Every structure is written in C-alpha cells, then in structure tokens.
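Worksheet: one structure, shown below.
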Amino acid sequence: MFSKLSIAVPAVLAILAVATPTPGEPASSCTTGPIQCCNSVEAANSPAAAGVLASLGIVVQDVTALVGLTCSPITVIGVGSGGSCSASPVCCTDNSHGGVVSIGCVPVTL
C-alpha cells in the first residue's frame, strides 16, 4: 500500500507543478482553466477560508494551499472590465465550486 502511495503522490505533485504558474507569472501561463478574479485569497487554514470550506463540505488536503474566495472568471484579452481585476487575479487548480471558492490558487500578473 505504501509503495503505491509513494508513487502516486510525487506524480500528482509533478502534474500540479507543470499546470500551475509560479507567483507573478503572466496570466497566459495558466493552463488549469480561466484566470479567476477573487475578492480575497487566503490560506485554506485561515478562519475566513476554513469557514467557507466547512460550510460547503470541502476538505482541502494541503491546509496551506491558497484559496480564492468569491471568484469570477476573467479573460486576459477582454473588453471593458472583462480583462481587468481590481482584486486578486489568480490561477487555480480547482474552480468547480460555482465561484464561491477556488482551490490551489497562485497569483498571476495580468
């Protein structure tokens, strides 16, 4: 059992490392989905993020992972406000929670 886990965990981490830009990277390097504009970005174990995650029944394995709260997708090339973000532009690995929360976020530069 442990040997399977020791193979699976590095493989998943390698995939996330390739799919997620490093902080401050251009938005074009985000390969996990649309860039999100989040009202705030918190560590998953912060009181604000932990409360939202618990109310939605979401368990985040890495408690230090960044979580975007109240997010909406934006485009890099947009007209009007579609290409701007006055809050926190991020690239996240999991945007499947209806904009309430995005998980595994990394700040990006628009």
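Here, A, B, ... name the chains of the structure tokens in the order displayed, residue numbers run from 1 inside each chain, and ligands are numbered from 1 in the same displayed order.
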May I have the residues within 8 Å of A:Asn39 as a PyMOL selection string, using only C-alpha atoms and disregarding those fewer than 4 positions away in the same chain?
chain A and resi 68-71+87-88
The selected residues should be written to file as an mmCIF file, in the first residue's frame (atoms: all heavy atoms).
data_model
loop_
_atom_site.group_PDB
_atom_site.id
_atom_site.type_symbol
_atom_site.label_atom_id
_atom_site.label_comp_id
_atom_site.auth_asym_id
_atom_site.auth_seq_id
_atom_site.Cartn_x
_atom_site.Cartn_y
_atom_site.Cartn_z
ATOM 1 N N GLY A 68 -9.092 30.975 -3.171
ATOM 2 C CA GLY A 68 -9.725 32.222 -3.588
ATOM 3 C C GLY A 68 -11.177 32.230 -3.136
ATOM 4 O O GLY A 68 -11.880 31.239 -3.294
ATOM 5 N N LEU A 69 -11.621 33.342 -2.561
ATOM 6 C CA LEU A 69 -12.994 33.461 -2.096
ATOM 7 C C LEU A 69 -13.758 34.465 -2.957
ATOM 8 O O LEU A 69 -13.241 35.547 -3.259
ATOM 9 C CB LEU A 69 -13.026 33.899 -0.635
ATOM 10 C CG LEU A 69 -12.280 32.990 0.346
ATOM 11 C CD1 LEU A 69 -12.281 33.601 1.741
ATOM 12 C CD2 LEU A 69 -12.914 31.609 0.384
ATOM 13 N N THR A 70 -14.961 34.131 -3.333
ATOM 14 C CA THR A 70 -15.844 34.934 -4.188
ATOM 15 C C THR A 70 -15.103 35.305 -5.472
ATOM 16 O O THR A 70 -14.673 36.432 -5.653
ATOM 17 C CB THR A 70 -16.349 36.194 -3.456
ATOM 18 O OG1 THR A 70 -16.748 35.842 -2.141
ATOM 19 C CG2 THR A 70 -17.527 36.803 -4.190
ATOM 20 N N CYS A 71 -14.979 34.325 -6.351
ATOM 21 C CA CYS A 71 -14.201 34.476 -7.580
ATOM 22 C C CYS A 71 -15.095 34.500 -8.815
ATOM 23 O O CYS A 71 -16.175 33.913 -8.819
ATOM 24 C CB CYS A 71 -13.219 33.311 -7.723
ATOM 25 S SG CYS A 71 -12.087 33.147 -6.325
ATOM 26 N N ALA A 87 -9.218 43.196 -7.748
ATOM 27 C CA ALA A 87 -8.950 42.466 -6.508
ATOM 28 C C ALA A 87 -7.701 41.604 -6.684
ATOM 29 O O ALA A 87 -6.611 42.136 -6.851
ATOM 30 C CB ALA A 87 -10.162 41.623 -6.117
ATOM 31 N N SER A 88 -7.839 40.279 -6.681
ATOM 32 C CA SER A 88 -6.697 39.368 -6.757
ATOM 33 C C SER A 88 -6.805 38.436 -7.954
ATOM 34 O O SER A 88 -7.574 37.479 -7.920
ATOM 35 C CB SER A 88 -6.610 38.527 -5.479
ATOM 36 O OG SER A 88 -6.496 39.348 -4.348
#
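Minimum atom-to-atom distance to A:Ala54, evaluated using only C-alpha atoms, belongs to A:Val101 out of A:Ser72, A:Val101, A:Asn95, A:Ser29.
Distance check against A:Gln61 using only C-alpha atoms: of A:Asn45, A:Pro73, A:Cys91, A:Gly98, the minimum falls on A:Asn45.
Note that atom CA of A:Ala50 and atom CA of A:Ile74 are 24.9 Å apart.
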